[in-house]
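A.B. asks: Before I ask anything, let me first share the structure, which is written out below as structure tokens.
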Amino acid sequence: MGDTSARLLELLSLLQTPRDWPGSELAGRLGVSPRTVRRDIDRLRELGYPVQATMGAAGGYRLAAGTAMPPLLVDDEEAVAIAVGLRTAASHPVEGIEEASVRALAKLERVLPSRLRHRVGTLAAATVPMGAGDGPPVDPRTLVVLAGAAADHERLRFAYRSADGTESRRLAEPYRLVTAGRRWYLLAYDNDRDDWRSFRVDRIGDPLATGVRVPARVPPEQDAAAFVTDKLHSSAPTYEVVAVLRLPAEEVARRLGGTVGRVEPVDEGRCRLRGPADTLEWTAARLLMLGCEFEVCEPPELVAYLRALGARATRAARASRRRHSP
């Protein structure tokens, strides 16, 4: 049975390659007779894998799409590529797949052999993905520990740096990882404060699963993302931004991706942007990256910041021109 099970797994791995496999070629790869291959194909079908067969000289066997995803069998190179991709998605989250990428990474890293974990870490450390400057850096290993503790309902100890720079050791029961704006947050029950808290993941250090499993707690508001967002809005200063942009409304909406405020057409070539902002720096950067002329109406703090930024850029340009003058 052990040889049969191993052979079925190898056969399933071969069939996951998108091509038709002649029975004779499968028999040669597996070192068995064509009759054994046919029996193994029947076993896979009994287990629910939709293996299709085509007749003729160019025919063979192919694994079709079914109602459920079969176990995904990958080689070493494919495993490394998947893990690095998931680490990139975890460090610089893409809307809609943030938590899913962390859960998948946690599952994969649990079963990766040590030699592959080292390769993944080395390659990820040497890779700088595009858009890496959009938010504070987050160590994917920290995300994996947090996701694992949340999934296992396990208490976690970690160091935490508050906004004022003070550090403390915390004991908490992780519930969910949430992305808000350009940051990762951990929603957890804080055992030291006896209340629910959201922690910025980029401020978490040395997370350690204690091995103590506890009954799952549910926050007062079961929507974790809404809970974290409400906490942020109630504690962080926000600005109401109003700016007129020299771009059509549909073009601004496309470039911003629906992530910043509300876009209202002014005329054929201009639109008005309205919306909240938590930082002047990020708002100024987003406006400048649009690559168009614009005028800020509100808030005055943003106008002052842009004026100071422009003066700094002008001084830098003058200094560079003097340095490169003949």
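Within each chain, counting starts at residue 1; across the structure tokens, chains are named A, B, ... in the order shown, with ligands numbered 1 upward in that order.
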Give me the residues near A:Pro34 as a compact mmCIF listing (two decimals) with C-alpha atoms, in the first residue's frame, where near means some atom within 9 Å (using only C-alpha atoms) and where sequence neighbours in that chain fewer than 4 positions away do not count.
C.D. replies:
```txt
# COMPACT_ATOMS: atom_id res chain seq x y z
CA GLY A 23 -0.29 6.07 -21.06
CA SER A 24 3.01 4.64 -22.29
CA GLU A 25 4.91 7.75 -21.14
CA LEU A 26 3.27 7.67 -17.71
CA ALA A 27 4.16 3.97 -17.43
CA GLY A 28 7.78 4.75 -18.25
CA ARG A 38 -5.01 2.46 -16.06
CA ARG A 39 -5.81 1.01 -12.64
```
A.B. asks: Which parts of stretch 103-281 of chain A does DSSP call helix (DSSP H, G or I) when run on the backbone here, written out as a ChimeraX atom specification?
C.D. replies: /A:103-111,114-125,132-134,140-152,201-203,224-235,249-256,280-281
A.B. asks: Excluding same-chain residues fewer than 5 positions from A:Trp196, what lies within 10 Å of it counting only C-alpha atoms, as a compact mmCIF listing (two decimals) with C-alpha atoms, in the first residue's frame?
C.D. replies:
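Okay, this is what ended up in selection.txt:
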```txt
# COMPACT_ATOMS: atom_id res chain seq x y z
CA ALA A 172 -2.48 38.73 23.96
CA GLU A 173 -4.86 36.34 22.20
CA PRO A 174 -4.68 37.08 18.42
CA TYR A 175 -7.99 37.10 16.56
CA LEU A 187 -6.74 42.58 16.34
CA ALA A 188 -6.27 40.75 19.63
CA TYR A 189 -7.58 40.46 23.17
CA ASP A 190 -4.97 42.13 25.37
CA ASN A 191 -4.67 40.03 28.54
CA ARG A 217 -12.93 35.03 21.96
CA VAL A 218 -15.08 37.10 19.63
CA PRO A 219 -14.78 40.92 19.64
CA PRO A 220 -17.90 43.01 20.33
CA PHE A 227 -13.59 47.20 14.36
```
A.B. asks: What's the 12 Å shell around A:Leu8, counting only C-alpha atoms, without same-chain residues fewer than 6 positions away, as a list in words?
C.D. replies: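 Listing them by chain and then by number gives Met1, Gly2, Leu14, Leu15, Leu26, Leu30, Val32, Thr36, Val37, Arg38, Arg39, Asp40, Ile41, Asp42, Arg43, Leu44, Arg45, Leu47, Tyr49, Pro71 and Leu73 of chain A.
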A.B. asks: If you keep C-alpha atoms, can you produce a file of those selected residues as a compact mmCIF listing (two decimals), in the first residue's frame?
C.D. replies:
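Saved result, selection.txt, follows:
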```txt
# COMPACT_ATOMS: atom_id res chain seq x y z
CA MET A 1 0.00 0.00 0.00
CA GLY A 2 2.90 2.33 0.73
CA LEU A 14 2.55 14.50 -13.29
CA LEU A 15 -1.08 15.04 -14.27
CA LEU A 26 3.27 7.67 -17.71
CA LEU A 30 6.42 5.50 -12.96
CA VAL A 32 5.05 0.22 -14.13
CA THR A 36 -1.14 -0.51 -13.79
CA VAL A 37 -1.39 3.07 -15.00
CA ARG A 38 -5.01 2.46 -16.06
CA ARG A 39 -5.81 1.01 -12.64
CA ASP A 40 -4.18 3.98 -10.90
CA ILE A 41 -6.16 6.38 -13.09
CA ASP A 42 -9.34 4.60 -12.00
CA ARG A 43 -8.28 4.96 -8.33
CA LEU A 44 -7.76 8.70 -8.76
CA ARG A 45 -11.22 8.99 -10.32
CA LEU A 47 -11.06 9.60 -5.05
CA TYR A 49 -10.06 13.64 -9.27
CA PRO A 71 -3.77 18.59 -3.21
CA LEU A 73 1.99 18.89 -5.54
```
A.B. asks: Which of these, A:Leu245, A:Leu309, A:Ala65, A:Tyr239, has the shortest distance to A:Thr279 once you count only C-alpha atoms?
C.D. replies: A:Tyr239
A.B. asks: Skipping near chain neighbours, those fewer than 2 positions away, what residues fall within 8 Å of stretch 280-283 of chain A using only C-alpha atoms, listed as number ranges by chain?
C.D. replies: A: 277-278, 285-287, 301-302, 305
A.B. asks: Using Å and a single decimal, report how far atom CA of A:Met289 sits from atom CA of A:Leu143.
C.D. replies: 29.5 Å
A.B. asks: Write out as a short mmCIF file (atom, residue, chain, number, x, y, z; two decimals) with C-alpha atoms, in the first residue's frame which residues come within 12 Å of A:Glu251 when counting only C-alpha atoms, dropping same-chain ones fewer than 3 positions away.
C.D. replies:
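Result written to out_2.cif:
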```
data_model
loop_
_atom_site.label_atom_id
_atom_site.label_comp_id
_atom_site.auth_asym_id
_atom_site.auth_seq_id
_atom_site.Cartn_x
_atom_site.Cartn_y
_atom_site.Cartn_z
CA LEU A 245 -7.12 68.22 -10.28
CA ARG A 246 -6.44 68.96 -13.96
CA LEU A 247 -7.44 65.50 -15.09
CA PRO A 248 -10.78 63.97 -16.12
CA ARG A 254 -8.55 54.83 -12.45
CA ARG A 255 -5.16 55.99 -11.15
CA LEU A 256 -6.24 56.10 -7.52
CA GLY A 257 -8.08 52.78 -7.75
CA GLY A 258 -10.98 53.93 -5.61
CA VAL A 263 -14.03 62.12 -7.26
CA GLU A 264 -16.51 64.65 -8.71
CA PRO A 265 -16.31 66.01 -12.30
CA GLU A 268 -14.30 67.88 -19.22
CA GLY A 269 -10.69 68.20 -18.12
CA ARG A 270 -10.94 68.79 -14.36
CA CYS A 271 -12.36 67.10 -11.27
CA LEU A 290 -0.87 61.64 -10.24
CA GLY A 291 1.39 63.58 -12.60
CA CYS A 292 -0.97 66.50 -13.20
#
```
A.B. asks: Could you check how far atom CA of A:Leu156 sits from atom CA of A:Pro207, in Å to one decimal?
C.D. replies: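 Value for the atom CA of A:Leu156-atom CA of A:Pro207 distance: 6.7 Å.
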A.B. asks: Name the closest residue to A:Leu112 among the candidates A:Leu86, A:Ala317, A:Leu306, A:Val80; distances are taken between atoms, counting only C-alpha atoms.
C.D. replies: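 Between A:Leu86, A:Ala317, A:Leu306, A:Val80, the residue approaching A:Leu112 most closely is A:Val80.
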A.B. asks: Grab the atom CA of A:Pro276 to atom CA of A:Glu240 distance for me, in Å with one decimal place.
C.D. replies: 4.5 Å
A.B. asks: What's the 7 Å shell around A:Leu186, counting only C-alpha atoms, without same-chain residues fewer than 4 positions away, as a PyMOL selection string?
C.D. replies: chain A and resi 174+176-178+198-201
